[in-house]
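For reference, the structure discussed in these notes is given below.
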Amino acid sequence: QVQLVESGGGSVQAGGSLRLSCVVSGYTSTPYSMGWFRQAPGKEREGVAVIGTRSGTIYADSVKDRFTISQDNAKSTYYLQMNSLKSEDTAMYYCAAARGVIITRTAALAPANFRDWGRGTQVTVSS
């Protein structure tokens with residue numbers, strides 16, 4: 001049974017940092033493309049960062065130069081290091097595995113292209 005379990009969320013002051021983790025299990029082969037998404041109350045889910053695409057590592061413009069996605073294959077874990085956090089980063093953060101190989105930047109940031117999802121971890125940034 002495929003499982004994605006996020007952790008590391010919490011409350012932080014603006015300008016602070018958090019590192020999210022996503023432990024993946026149950027796959028017979030490692031998903032090629034993995035991503036982090038977020039959803040704020042009343043807003044649609046949006047792509048934040050995706051690793052393992054044919055276009056390289058992808059970041060949303062809103063988080064570029066502040067967030068870093070990485071992976072530790074030995075631990076089957078994906079990370080999202082978030083620095084210089086802003087109040088607008090407040091959301092539920094989800095990790096997800098893509099349906100196949102993600103090719104373009106646009107496809108990378110589209111939730112519809114991801115098939116398996118964790119339950120999320122809440123990030124709250126106060127100003």
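Lettering and numbering for the structure tokens are positional, with chains as A, B, ... in the shown order, residues counted from 1 in each chain, and ligands counted from 1 in the shown order.
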Name the residues of range 32-123 of chain A that come out as helix (DSSP H, G or I) in a backbone DSSP run; write them as a list of chain:residue names. A:Asn73, A:Ala74, A:Lys75, A:Ser87, A:Glu88, A:Asp89, A:Arg105, A:Thr106, A:Ala107, A:Ala108, A:Pro111, A:Ala112, A:Asn113
Just the selected residues (N, CA, C and O atoms), exported as a PDB file, in the first residue's frame, please.
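Produced file part30.pdb, reproduced below:
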```pdb
ATOM      1  N   ASN A  73      17.368   9.314  -1.105  1.00  0.00           N
ATOM      2  CA  ASN A  73      16.863   8.040  -1.612  1.00  0.00           C
ATOM      3  C   ASN A  73      17.028   6.915  -0.593  1.00  0.00           C
ATOM      4  O   ASN A  73      16.191   6.023  -0.498  1.00  0.00           O
ATOM      5  N   ALA A  74      18.103   6.962   0.182  1.00  0.00           N
ATOM      6  CA  ALA A  74      18.345   5.915   1.177  1.00  0.00           C
ATOM      7  C   ALA A  74      17.244   5.884   2.229  1.00  0.00           C
ATOM      8  O   ALA A  74      16.940   4.835   2.796  1.00  0.00           O
ATOM      9  N   LYS A  75      16.669   7.044   2.494  1.00  0.00           N
ATOM     10  CA  LYS A  75      15.614   7.136   3.505  1.00  0.00           C
ATOM     11  C   LYS A  75      14.223   7.218   2.894  1.00  0.00           C
ATOM     12  O   LYS A  75      13.242   7.352   3.610  1.00  0.00           O
ATOM     13  N   SER A  87       3.870  35.564   5.559  1.00  0.00           N
ATOM     14  CA  SER A  87       2.512  35.216   5.991  1.00  0.00           C
ATOM     15  C   SER A  87       1.729  34.544   4.868  1.00  0.00           C
ATOM     16  O   SER A  87       0.902  33.663   5.121  1.00  0.00           O
ATOM     17  N   GLU A  88       2.031  34.916   3.630  1.00  0.00           N
ATOM     18  CA  GLU A  88       1.308  34.322   2.502  1.00  0.00           C
ATOM     19  C   GLU A  88       1.729  32.882   2.233  1.00  0.00           C
ATOM     20  O   GLU A  88       1.148  32.217   1.379  1.00  0.00           O
ATOM     21  N   ASP A  89       2.730  32.392   2.929  1.00  0.00           N
ATOM     22  CA  ASP A  89       3.107  30.981   2.818  1.00  0.00           C
ATOM     23  C   ASP A  89       2.243  30.094   3.711  1.00  0.00           C
ATOM     24  O   ASP A  89       2.351  28.863   3.660  1.00  0.00           O
ATOM     25  N   ARG A 105       7.498  22.557 -17.144  1.00  0.00           N
ATOM     26  CA  ARG A 105       7.309  23.318 -15.907  1.00  0.00           C
ATOM     27  C   ARG A 105       5.822  23.453 -15.603  1.00  0.00           C
ATOM     28  O   ARG A 105       5.392  23.313 -14.462  1.00  0.00           O
ATOM     29  N   THR A 106       5.040  23.725 -16.605  1.00  0.00           N
ATOM     30  CA  THR A 106       3.605  23.882 -16.407  1.00  0.00           C
ATOM     31  C   THR A 106       2.989  22.599 -15.857  1.00  0.00           C
ATOM     32  O   THR A 106       2.172  22.630 -14.936  1.00  0.00           O
ATOM     33  N   ALA A 107       3.376  21.484 -16.431  1.00  0.00           N
ATOM     34  CA  ALA A 107       2.845  20.197 -15.957  1.00  0.00           C
ATOM     35  C   ALA A 107       3.290  19.901 -14.534  1.00  0.00           C
ATOM     36  O   ALA A 107       2.556  19.310 -13.748  1.00  0.00           O
ATOM     37  N   ALA A 108       4.516  20.329 -14.214  1.00  0.00           N
ATOM     38  CA  ALA A 108       5.050  20.047 -12.884  1.00  0.00           C
ATOM     39  C   ALA A 108       4.230  20.706 -11.786  1.00  0.00           C
ATOM     40  O   ALA A 108       4.085  20.156 -10.692  1.00  0.00           O
ATOM     41  N   PRO A 111      -1.579  20.120 -10.022  1.00  0.00           N
ATOM     42  CA  PRO A 111      -1.940  19.005  -9.131  1.00  0.00           C
ATOM     43  C   PRO A 111      -2.571  17.815  -9.863  1.00  0.00           C
ATOM     44  O   PRO A 111      -2.415  16.679  -9.421  1.00  0.00           O
ATOM     45  N   ALA A 112      -3.253  18.055 -10.965  1.00  0.00           N
ATOM     46  CA  ALA A 112      -3.934  16.976 -11.687  1.00  0.00           C
ATOM     47  C   ALA A 112      -2.966  15.931 -12.225  1.00  0.00           C
ATOM     48  O   ALA A 112      -3.369  14.801 -12.520  1.00  0.00           O
ATOM     49  N   ASN A 113      -1.691  16.292 -12.347  1.00  0.00           N
ATOM     50  CA  ASN A 113      -0.697  15.352 -12.865  1.00  0.00           C
ATOM     51  C   ASN A 113      -0.082  14.474 -11.782  1.00  0.00           C
ATOM     52  O   ASN A 113       0.842  13.707 -12.062  1.00  0.00           O
TER      53      ASN A 113
END
```
Mind running range 42-109 of chain A against range 3-15 of chain A at 8 Å and telling me each contacting residue's nearest atom pair with the distance in Å (one decimal), counting only C-alpha atoms, chain and number ascending, as a tab-separated table?
```
residue	atom	partner	partner_atom	distance
A:Asn83	CA	A:Gly15	CA	7.1
A:Ser84	CA	A:Gly15	CA	4.2
A:Leu85	CA	A:Gly15	CA	4.9
A:Lys86	CA	A:Ala14	CA	5.0
A:Ser87	CA	A:Ala14	CA	6.3
A:Tyr94	CA	A:Glu6	CA	7.0
A:Cys95	CA	A:Glu6	CA	6.9
A:Ala96	CA	A:Leu4	CA	7.4
```
Polymer residues at most 8 Å from range 51-53 of chain A, only C-alpha atoms, same-chain spacing of 3 or more positions, as a list in words: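 Selected residues are Tyr32, Ser33, Met34, Gly35, Gly56, Thr57, Ile58, Ile69, Ser70, Val101, Ile102, Ile103, Thr104 and Ala108 of chain A.
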Would you save the residues from that selection as a compact mmCIF listing (two decimals), in the first residue's frame, using C-alpha atoms?
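Contents of the output file out_32.txt:
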```
# COMPACT_ATOMS: atom_id res chain seq x y z
CA TYR A 32 10.27 9.63 -10.97
CA SER A 33 8.73 13.01 -10.17
CA MET A 34 7.76 14.11 -6.66
CA GLY A 35 6.35 17.42 -5.62
CA GLY A 56 14.91 19.86 -13.89
CA THR A 57 13.82 21.00 -10.45
CA ILE A 58 10.84 23.31 -10.66
CA ILE A 69 13.30 20.68 -2.52
CA SER A 70 15.60 17.71 -2.03
CA VAL A 101 7.48 11.46 -15.78
CA ILE A 102 6.81 15.17 -15.66
CA ILE A 103 8.22 16.95 -18.69
CA THR A 104 7.35 20.64 -18.60
CA ALA A 108 5.05 20.05 -12.88
```
I need the residue nearest Ser126 in chain A from this list: A:Thr90, A:Phe114, A:Ser17, A:Ala97. Use only C-alpha atoms for the distance.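 Result for the nearest residue to Ser126 in chain A: A:Thr90.
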Residue set, range 52-107 of chain A restricted to strand (DSSP E or B), as a PyMOL selection string: chain A and resi 52-53+56-59+67-72+77-82+91-98
What would the file look like if the residues just selected were written as a tab-separated table (two decimals), in the first residue's frame with N, CA, C and O atoms?
```tsv
chain	number	residue	atom	x	y	z
A	52	GLY	N	12.79	15.92	-10.07
A	52	GLY	CA	12.78	14.75	-10.94
A	52	GLY	C	11.96	14.93	-12.20
A	52	GLY	O	11.35	13.98	-12.69
A	53	THR	N	11.96	16.11	-12.76
A	53	THR	CA	11.26	16.32	-14.02
A	53	THR	C	12.27	16.40	-15.17
A	53	THR	O	13.47	16.61	-14.94
A	56	GLY	N	14.13	19.58	-15.09
A	56	GLY	CA	14.91	19.86	-13.89
A	56	GLY	C	14.02	20.08	-12.68
A	56	GLY	O	12.86	19.69	-12.66
A	57	THR	N	14.57	20.70	-11.66
A	57	THR	CA	13.82	21.00	-10.45
A	57	THR	C	13.03	22.28	-10.68
A	57	THR	O	13.57	23.27	-11.17
A	58	ILE	N	11.75	22.22	-10.34
A	58	ILE	CA	10.84	23.31	-10.66
A	58	ILE	C	10.35	23.98	-9.37
A	58	ILE	O	10.01	23.29	-8.40
A	59	TYR	N	10.31	25.29	-9.40
A	59	TYR	CA	9.78	26.06	-8.26
A	59	TYR	C	8.73	27.05	-8.76
A	59	TYR	O	8.87	27.62	-9.84
A	67	PHE	N	12.70	28.59	-1.09
A	67	PHE	CA	12.43	27.18	-0.79
A	67	PHE	C	13.38	26.29	-1.59
A	67	PHE	O	13.76	26.62	-2.72
A	68	THR	N	13.72	25.14	-1.00
A	68	THR	CA	14.56	24.16	-1.69
A	68	THR	C	13.98	22.77	-1.48
A	68	THR	O	13.75	22.34	-0.34
A	69	ILE	N	13.76	22.06	-2.58
A	69	ILE	CA	13.30	20.68	-2.52
A	69	ILE	C	14.49	19.75	-2.68
A	69	ILE	O	15.42	20.06	-3.45
A	70	SER	N	14.50	18.66	-1.93
A	70	SER	CA	15.60	17.71	-2.03
A	70	SER	C	15.08	16.31	-1.69
A	70	SER	O	13.94	16.16	-1.25
A	71	GLN	N	15.92	15.31	-1.91
A	71	GLN	CA	15.51	13.94	-1.61
A	71	GLN	C	16.68	13.16	-1.04
A	71	GLN	O	17.85	13.43	-1.34
A	72	ASP	N	16.35	12.20	-0.21
A	72	ASP	CA	17.33	11.26	0.34
A	72	ASP	C	16.81	9.87	-0.04
A	72	ASP	O	15.92	9.35	0.61
A	77	THR	N	12.85	9.63	1.50
A	77	THR	CA	12.31	10.85	2.09
A	77	THR	C	12.59	12.04	1.19
A	77	THR	O	13.68	12.16	0.62
A	78	TYR	N	11.58	12.89	1.08
A	78	TYR	CA	11.70	14.13	0.34
A	78	TYR	C	11.55	15.29	1.31
A	78	TYR	O	10.78	15.19	2.28
A	79	TYR	N	12.29	16.35	1.05
A	79	TYR	CA	12.29	17.48	1.96
A	79	TYR	C	11.91	18.77	1.24
A	79	TYR	O	12.12	18.91	0.03
A	80	LEU	N	11.38	19.69	2.00
A	80	LEU	CA	11.16	21.04	1.51
A	80	LEU	C	11.70	22.00	2.58
A	80	LEU	O	11.10	22.13	3.65
A	81	GLN	N	12.86	22.57	2.30
A	81	GLN	CA	13.44	23.56	3.19
A	81	GLN	C	12.84	24.91	2.84
A	81	GLN	O	12.94	25.35	1.69
A	82	MET	N	12.23	25.55	3.82
A	82	MET	CA	11.54	26.82	3.59
A	82	MET	C	12.21	27.89	4.43
A	82	MET	O	12.19	27.81	5.67
A	91	ALA	N	-0.40	27.76	4.84
A	91	ALA	CA	-1.22	26.81	4.07
A	91	ALA	C	-1.01	25.41	4.63
A	91	ALA	O	-0.11	25.18	5.44
A	92	MET	N	-1.83	24.48	4.15
A	92	MET	CA	-1.56	23.07	4.35
A	92	MET	C	-0.64	22.62	3.22
A	92	MET	O	-0.93	22.90	2.05
A	93	TYR	N	0.43	21.95	3.58
A	93	TYR	CA	1.41	21.50	2.60
A	93	TYR	C	1.31	20.00	2.41
A	93	TYR	O	1.27	19.24	3.38
A	94	TYR	N	1.29	19.60	1.14
A	94	TYR	CA	1.15	18.20	0.78
A	94	TYR	C	2.32	17.75	-0.09
A	94	TYR	O	2.78	18.51	-0.95
A	95	CYS	N	2.76	16.51	0.08
A	95	CYS	CA	3.66	15.94	-0.91
A	95	CYS	C	2.88	14.99	-1.79
A	95	CYS	O	1.84	14.46	-1.38
A	96	ALA	N	3.36	14.80	-3.01
A	96	ALA	CA	2.62	14.01	-3.98
A	96	ALA	C	3.56	13.35	-4.97
A	96	ALA	O	4.62	13.89	-5.28
A	97	ALA	N	3.13	12.19	-5.46
A	97	ALA	CA	3.89	11.46	-6.48
A	97	ALA	C	3.18	11.62	-7.82
A	97	ALA	O	1.96	11.46	-7.91
A	98	ALA	N	3.97	11.89	-8.86
A	98	ALA	CA	3.39	12.13	-10.19
A	98	ALA	C	2.89	10.84	-10.83
A	98	ALA	O	3.33	9.75	-10.48
```
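The space separating CA of Ser21 in chain A from CA of Ser127 in chain A comes to 24.0 Å.
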Using only C-alpha atoms for the distances, tell me which of A:Phe37, A:Ala110, A:Arg54, A:Ala60 is nearest to Leu20 in chain A. A:Phe37
Sort by chain and increasing residue number a table of all residues of range 31-54 of chain A within 12 Å of range 119-124 of chain A, each with its closest pair of atoms and their distance in Å to one decimal, counting only C-alpha atoms, and write it as CSV.
```
residue,atom,partner,partner_atom,distance
A:Trp36,CA,A:Gly120,CA,9.8
A:Phe37,CA,A:Gly120,CA,9.2
A:Arg38,CA,A:Gly120,CA,8.5
A:Gln39,CA,A:Gly120,CA,9.5
A:Ala40,CA,A:Gln122,CA,9.6
A:Pro41,CA,A:Gln122,CA,11.3
A:Arg45,CA,A:Gly120,CA,11.7
```
Could you save those same residues with all heavy atoms as a compact mmCIF listing (two decimals), in the first residue's frame?
```
# COMPACT_ATOMS: atom_id res chain seq x y z
N TRP A 36 5.90 19.06 -3.96
CA TRP A 36 5.23 19.66 -2.81
C TRP A 36 4.19 20.66 -3.32
O TRP A 36 4.48 21.45 -4.24
CB TRP A 36 6.23 20.40 -1.91
CG TRP A 36 7.08 19.48 -1.09
CD1 TRP A 36 8.32 19.00 -1.39
CD2 TRP A 36 6.74 18.92 0.19
NE1 TRP A 36 8.78 18.19 -0.38
CE2 TRP A 36 7.83 18.12 0.60
CE3 TRP A 36 5.63 19.02 1.03
CZ2 TRP A 36 7.84 17.42 1.80
CZ3 TRP A 36 5.64 18.33 2.23
CH2 TRP A 36 6.73 17.55 2.61
N PHE A 37 3.02 20.60 -2.74
CA PHE A 37 1.93 21.48 -3.08
C PHE A 37 1.41 22.12 -1.80
O PHE A 37 1.70 21.64 -0.70
CB PHE A 37 0.80 20.69 -3.78
CG PHE A 37 1.20 20.16 -5.11
CD1 PHE A 37 2.00 19.03 -5.23
CD2 PHE A 37 0.78 20.78 -6.28
CE1 PHE A 37 2.39 18.54 -6.46
CE2 PHE A 37 1.16 20.30 -7.52
CZ PHE A 37 1.97 19.19 -7.60
N ARG A 38 0.61 23.17 -1.95
CA ARG A 38 0.01 23.78 -0.77
C ARG A 38 -1.37 24.29 -1.10
O ARG A 38 -1.68 24.57 -2.24
CB ARG A 38 0.89 24.91 -0.24
CG ARG A 38 0.99 26.13 -1.15
CD ARG A 38 2.01 27.11 -0.58
NE ARG A 38 2.13 28.30 -1.41
CZ ARG A 38 3.05 29.26 -1.20
NH1 ARG A 38 3.91 29.14 -0.20
NH2 ARG A 38 3.08 30.32 -1.99
N GLN A 39 -2.18 24.39 -0.05
CA GLN A 39 -3.53 24.89 -0.22
C GLN A 39 -3.90 25.73 1.00
O GLN A 39 -3.91 25.23 2.12
CB GLN A 39 -4.52 23.74 -0.39
CG GLN A 39 -5.92 24.21 -0.75
CD GLN A 39 -6.79 23.08 -1.24
OE1 GLN A 39 -6.50 21.89 -1.05
NE2 GLN A 39 -7.87 23.42 -1.93
N ALA A 40 -4.18 27.00 0.73
CA ALA A 40 -4.63 27.92 1.77
C ALA A 40 -6.16 27.90 1.81
O ALA A 40 -6.80 27.58 0.81
CB ALA A 40 -4.10 29.32 1.50
N PRO A 41 -6.75 28.27 2.93
CA PRO A 41 -8.22 28.27 3.03
C PRO A 41 -8.84 29.14 1.95
O PRO A 41 -8.41 30.28 1.72
CB PRO A 41 -8.46 28.86 4.42
CG PRO A 41 -7.25 28.52 5.20
CD PRO A 41 -6.12 28.61 4.22
N ARG A 45 -5.48 24.37 -4.65
CA ARG A 45 -4.17 23.78 -4.39
C ARG A 45 -3.21 24.24 -5.48
O ARG A 45 -3.56 24.27 -6.66
CB ARG A 45 -4.28 22.26 -4.37
CG ARG A 45 -3.08 21.56 -3.84
CD ARG A 45 -3.36 20.09 -3.60
NE ARG A 45 -4.37 19.92 -2.53
CZ ARG A 45 -4.68 18.75 -2.00
NH1 ARG A 45 -4.05 17.64 -2.41
NH2 ARG A 45 -5.60 18.66 -1.07
```
Choose the residue, out of A:Arg115, A:Leu109, A:Val23, A:Val125, that has the smallest atom-to-atom separation from Ser55 in chain A; count only C-alpha atoms.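 Looking at the shortest contact to Ser55 in chain A, the residue is A:Leu109.
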One decimal, in Å: what's the spacing between CA of Ser62 in chain A and CA of Asp116 in chain A?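 These atoms are spaced 24.1 Å apart.
Residue nearest Arg99 in chain A within the list A:Pro31, A:Val24, A:Gly47, A:Gly42: A:Pro31 [criterion: smallest interatomic distance, only C-alpha atoms].
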One decimal, Å: what's the distance from CA of Val63 in chain A over to CA of Cys22 in chain A, could you say?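 Spanning CA of Val63 in chain A to CA of Cys22 in chain A is a straight-line distance of 18.6 Å.
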